[in-house]
Each structure stands twice: as structure tokens, then as C-alpha cells.
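**Student:** Once you've had a glance at the structure underneath, I'll fire off some questions.
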Amino acid sequence: MLYLGSRTVTYSPAYTLVPTYECFNRCSYCNFRDDPGTSPWMTLLQAEAVLKPLHSQGVCEILILSGEVHPQSSRRAGWFQRIYDLCELALDLGFLPHTNAGILSYAEMALLKKVNVSMGLMLEQLTPKLLDTVHKHAPSKLPEVRLQQLEWAGELQIPFTTGLLLGIGETQQDCWESLEAISQIHQRWGHIQEVILQPHSPGSQQISNAPAFDVYQLPEVIASSREILPSDITIQIPPNLVTDASWLLACLDAGARDLGGISPKDEVNPDYPHPDYQKLSEILEPAGWELVPRLPVYPKYDNWLSQELQTVVRAIAQTVNPMVQCYQGHERQTRR
Ligand code: SF4
């Protein structure tokens, strides 16, 4: 089905900071984690050295993406504080933080709201049968716990990104039910900015040899998702995982409108480098699509942010010219 929306496709000029790769979960498809205690935590000095040159590269969003320290661990408070401090540092240096650090307590989420313009957590899939397979050793992947995270984010008025991981053992019906659940939560709180549809793409570090999701099915999944999700939720696809240019265009025709954070390295799928702006434009523009940068928070959520955060958002939106266009462009899009 052809989805007739705007011909604007957005992406976020981003850089990913990883406070730590250590994670107490062991999802069988993971290409990110290290065992607890084996991955040194990023220091603020290291982060500062990485962040400072990024302004000249047009980066606006700092995605803080972390493995999880167990909630009962004596190291949990230090882990959380490091994430908080990295967000604060990124803000102080004039960037917009967006944290995805897995499952958080309500209090942790409320604290991170102060130093993030938006946050994220993949719902992945709701079906409990994955707890016997890919999530057998991943206590954080309890479906009800992840749904609760989405609820809390809504209650706390945190602009939020979530998404599905496709091809990890779910059926199509499971997929539609996961999307329905996202829709229902969004209808209560109105806080979901984007839903990512991420095809499982095997990498060199994962323990399972499960096959990749067939990306040629992705346009069909996008079209169905577009019908299930409320129209003010943008569908995002990772362009590095859809390497066939004609199929990337088919994904847009089906209703995807965002390509997510484009960063030098996709930390979740390190075997699949991101195409740069130039390469993406060469694919999109001849087909009549305009590729524009966006901020990690949509303008309609401006008054959910503290005055301090609003000041940083406005400064970035106004100093980077294309951002202003994008900022306004999304406003038009979300008001349709
Ligand atoms: S996918 Fe996320 S939660 Fe699962 S092991 Fe990897 S880092 Fe941990």
C-alpha cells in the first residue's frame, strides 16, 4: 500500500556515547554487551574529549546508550550517577541528550527527565514465548515491565521513542499486538514520538545464529503499522539495516518518515555502518524525498521540558539553520 504523506524524511545528526557495555542480561541476538565487571565505565574526561569536536560536525543529539547494571547491585547507584553526569555534561556542552539505558525505576526515570529532552526504550515484542527463547537469560525483557516503562514515561511527560525488534521469533499477530499496546499507551499519554521498526540483523558478536529478518517484508510491516499506530507517531527505520536502495524507498512509500540518529557507528548493530547524509540524499532526492535533520525532541513537547532544557533546545534550533526548517517542518507534520 502507498502511504500518501509529506515527502519529508527526517534524521537526527547524532553521536552515541556508551557509559558501559556491561549488561546483566544476555539476549541471544545481542551484539553490544560485555559481562558485568569487564567493561570499564566511560569517564567524564573521556566523554568531554569525544564531545567537544562534535559541534563542528553538526551533531545535535547525544544518544546515551548503556548496558544495564542489575537493580539490586551495589554498583547500580554509581552506574546511574555516571549516566546522569554524562547527560549533564552533554547539555553543558550545548548538545541535546536522549538516554536509553534499559529498565529504570520510577525515581531514576524522573531524575533523568531533568537532563534529557527525550528518552527511549524498545518494547521489542510483547509475546511471553520469547522468555523461553531469545530472552531466556534476560530478566529485563519481561513484557509487563517494559510496558510499565512506557506508562511511566507517559505519566512523567517524557517525550519517548520505542519500537519493535522484528524477526526474533514472533508471529505477525504478535507484532500487531505489540503495536496495539503502544497505541493504547500513547492514547493515554500522547508521549510517543517515534516507533522504530528494527529488522533483526545478525552480527559477529551474537551468541545465536538465528536468521535475519527478511527486509523485503519490511514495507508490508510498515504499511500495517501505519494503520495501527496513531497518525502523530512517526515510523522510524534504520537505513543501515535496509541496504537495498530501492527497498529503502519502498519503506518510505509504505509510511516510514524518519531514519533515526545517524551516527558514525551503530552501537547496537556494529557490523552495519550507517550511510552518511550524502549517500542517503543521493538515494532519496532523485525519488522526490527531502532529507532534513531534526532535533531529538519534537516541538509539540516543548512545554513538557524544564525552562533550562527549553533554553538549550531553542538555542540549538536557532543557531543551526537547517534545524529551524526541520523544527518547523515537523510542527506542520504533527499538526496534520
Ligand atoms: S540487547 Fe540490551 S538488554 Fe539485551 S543483552 Fe544486549 S545490551 Fe543487554
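For the C-alpha cells, the naming scheme is as follows: chains receive sequential letters (A, B, ...) according to their order of presentation, residues are indexed from 1 within each chain, and ligands are indexed from 1 in presentation order.
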For ligand 1, collect every residue having any atom at a distance of at most 10 Å from a ligand atom (counting only C-alpha atoms and all ligand atoms); output as a CSV table (one decimal) with C-alpha atoms, in the first residue's frame.
**Tutor:**
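Listed below is the output, pocket.csv:
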chain,number,residue,atom,x,y,z
A,20,THR,CA,29.3,1.0,29.7
A,21,TYR,CA,28.8,-2.1,27.6
A,22,GLU,CA,28.3,-4.3,30.6
A,23,CYS,CA,24.9,-5.8,30.9
A,24,PHE,CA,23.4,-8.3,33.3
A,25,ASN,CA,21.0,-9.6,30.6
A,26,ARG,CA,22.1,-12.0,27.9
A,27,CYS,CA,19.7,-11.6,24.9
A,28,SER,CA,20.8,-14.2,22.4
A,29,TYR,CA,20.8,-11.7,19.5
A,30,CYS,CA,22.9,-9.1,21.3
A,31,ASN,CA,26.0,-7.6,19.6
A,32,PHE,CA,26.6,-4.9,22.3
A,33,ARG,CA,27.1,-6.4,25.7
A,34,ASP,CA,30.1,-7.3,27.9
A,35,ASP,CA,29.9,-9.4,31.1
A,65,LEU,CA,23.1,4.1,25.3
A,66,SER,CA,24.1,1.9,28.1
A,67,GLY,CA,24.1,-1.7,29.1
A,68,GLU,CA,22.3,-2.4,32.4
A,69,VAL,CA,23.7,-2.9,35.9
A,100,ASN,CA,18.2,4.7,26.5
A,101,ALA,CA,19.6,2.8,29.5
A,102,GLY,CA,17.2,-0.1,29.8
A,103,ILE,CA,14.8,-0.6,32.6
A,121,LEU,CA,13.3,2.0,25.3
A,122,MET,CA,12.5,-0.6,22.7
A,124,GLU,CA,10.8,-5.2,21.2
A,134,VAL,CA,15.9,-15.3,22.9
A,135,HIS,CA,15.1,-13.7,26.3
A,137,HIS,CA,18.6,-15.1,30.2
A,138,ALA,CA,17.3,-11.5,30.0
A,139,PRO,CA,15.3,-10.6,33.2
A,140,SER,CA,14.8,-7.0,31.8
A,141,LYS,CA,12.8,-8.3,28.9
A,206,GLN,CA,25.9,-12.6,19.0
A,267,GLU,CA,26.5,0.6,18.6
A,268,VAL,CA,23.6,-1.9,18.5
**Student:** Please, which residues of region 69-186 of chain A, numbered as in this document, come out strand (DSSP E) from DSSP, as a PyMOL selection string?
**Tutor:** chain A and resi 96-100+118-120+160-166
**Student:** Store the residues picked out above, limited to C-alpha atoms, as a PDB file, in the first residue's frame.
**Tutor:**
ATOM      1  CA  LEU A  96      20.633  17.504  23.465  1.00  0.00           C
ATOM      2  CA  PRO A  97      20.791  14.214  25.402  1.00  0.00           C
ATOM      3  CA  HIS A  98      18.470  11.284  24.723  1.00  0.00           C
ATOM      4  CA  THR A  99      19.034   8.340  27.073  1.00  0.00           C
ATOM      5  CA  ASN A 100      18.231   4.684  26.532  1.00  0.00           C
ATOM      6  CA  SER A 118      13.604  12.733  25.252  1.00  0.00           C
ATOM      7  CA  MET A 119      14.270   9.137  26.203  1.00  0.00           C
ATOM      8  CA  GLY A 120      13.783   5.708  24.697  1.00  0.00           C
ATOM      9  CA  PHE A 160       9.621   8.924  24.136  1.00  0.00           C
ATOM     10  CA  THR A 161      10.897   6.650  21.395  1.00  0.00           C
ATOM     11  CA  THR A 162      10.091   2.970  21.413  1.00  0.00           C
ATOM     12  CA  GLY A 163       9.988   0.252  18.797  1.00  0.00           C
ATOM     13  CA  LEU A 164       9.811  -3.359  17.766  1.00  0.00           C
ATOM     14  CA  LEU A 165      12.612  -5.758  17.026  1.00  0.00           C
ATOM     15  CA  LEU A 166      11.410  -7.835  14.088  1.00  0.00           C
TER      16      LEU A 166
END
**Student:** Show me, as a list in words, the residues that have an atom within 12 Å of Glu308 (chain A) when counting only C-alpha atoms, minus same-chain residues fewer than 5 positions from it.
**Tutor:**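 Near neighbours after the sequence-gap exclusion: Glu88, Leu91, Asp92, Gly94, Leu96, Lys113, Lys114, Val115, Asn116, Val117, Asp302, Asn303, Val313, Arg314 and Ala315 of chain A.
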**Student:** Which polymer residues have any atom within 9 Å of an atom of Leu218 (chain A), counting only C-alpha atoms, with same-chain residues fewer than 4 positions away left out, as an MDAnalysis selection string?
**Tutor:** chainID A and resid 197 199 213:214 222:223 242 247 250:251 254
**Student:** For the residues selected in the previous step, produce a file with C-alpha atoms as a PDB file, in the first residue's frame.
**Tutor:**
ATOM      1  CA  LEU A 197      10.813  -0.948  13.219  1.00  0.00           C
ATOM      2  CA  PRO A 199      14.807  -5.790  11.481  1.00  0.00           C
ATOM      3  CA  PHE A 213      14.525 -10.676   9.345  1.00  0.00           C
ATOM      4  CA  ASP A 214      13.702 -10.595   5.644  1.00  0.00           C
ATOM      5  CA  ILE A 222       5.407  -0.591   7.837  1.00  0.00           C
ATOM      6  CA  ALA A 223       2.133  -0.245   5.929  1.00  0.00           C
ATOM      7  CA  VAL A 242      17.972  -1.710   4.702  1.00  0.00           C
ATOM      8  CA  TRP A 247      13.762  -1.178  -0.778  1.00  0.00           C
ATOM      9  CA  ALA A 250       9.706   1.250  -0.705  1.00  0.00           C
ATOM     10  CA  CYS A 251       9.821   1.629   3.083  1.00  0.00           C
ATOM     11  CA  ALA A 254       4.846   2.447   2.843  1.00  0.00           C
TER      12      ALA A 254
END
**Student:** When distances are computed from only C-alpha atoms, which of A:Asp271, A:Glu155, A:Glu285, A:Asp266 shows the smallest separation from Leu249 (chain A)?
**Tutor:** A:Glu285
**Student:** Leaving out Pro143 (chain A) and any residue of its chain fewer than 5 positions from it, which residues lie within 8 Å of it when counting only C-alpha atoms, given as a list in words?
**Tutor:**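 In the requested format, the answer is Leu123, Gln125, Leu126, Thr127 and Pro128 of chain A.
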**Student:** I'd like to know which of A:Tyr106, A:Val9, A:Pro19, A:Ala212 is closest to Leu248 (chain A), using only C-alpha atoms.
**Tutor:** A:Val9
**Student:** Could you check the closest approach to Ile237 (chain A) for each of A:Ala181, A:Ala210, A:Leu112, A:Val195 and tell me which residue wins, using only C-alpha atoms?
**Tutor:**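 Counting only C-alpha atoms, the residue closest to Ile237 (chain A) is A:Val195.
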**Student:** Residues of region 82-292 of chain A classed as helix (DSSP H, G or I) by DSSP on the backbone are to be reported as JSON, numbers by chain.
**Tutor:** {"A": [82, 83, 84, 85, 86, 87, 88, 89, 90, 91, 92, 106, 107, 108, 109, 110, 111, 112, 113, 128, 129, 130, 131, 132, 139, 140, 141, 143, 144, 145, 146, 147, 148, 149, 150, 151, 152, 153, 154, 155, 172, 173, 174, 175, 176, 177, 178, 179, 180, 181, 182, 183, 184, 185, 186, 187, 188, 189, 215, 216, 217, 218, 219, 220, 221, 222, 223, 224, 225, 226, 227, 228, 239, 240, 241, 245, 246, 247, 248, 249, 250, 251, 252, 253, 254, 277, 278, 279, 280, 281, 282, 283, 284, 285, 286, 287]}
**Student:** Residues at most 8 Å from Tyr15 (chain A), counting only C-alpha atoms, excluding those fewer than 5 positions away in the same chain, as a VMD selection string?
**Tutor:** chain A and resid 59 61 to 63 261 to 264
**Student:** Neighbours of Gln278 (chain A) within 12 Å (only C-alpha atoms; same-chain residues fewer than 4 positions away dropped), as a PyMOL selection string?
**Tutor:** chain A and resi 262+274+282-285+291-292
**Student:** Which is closest to Glu170 (chain A) among A:Ile158, A:Lys129, A:Gly203, A:Arg188, if we use only C-alpha atoms?
**Tutor:**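 That would be A:Lys129, the residue with the smallest distance to Glu170 (chain A).
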**Student:** For Glu290 (chain A), which residue among A:Pro202, A:Val18, A:Thr8, A:Ala49 is the nearest when counting only C-alpha atoms?
**Tutor:**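 The shortest atom-to-atom distance to Glu290 (chain A) comes from A:Thr8.
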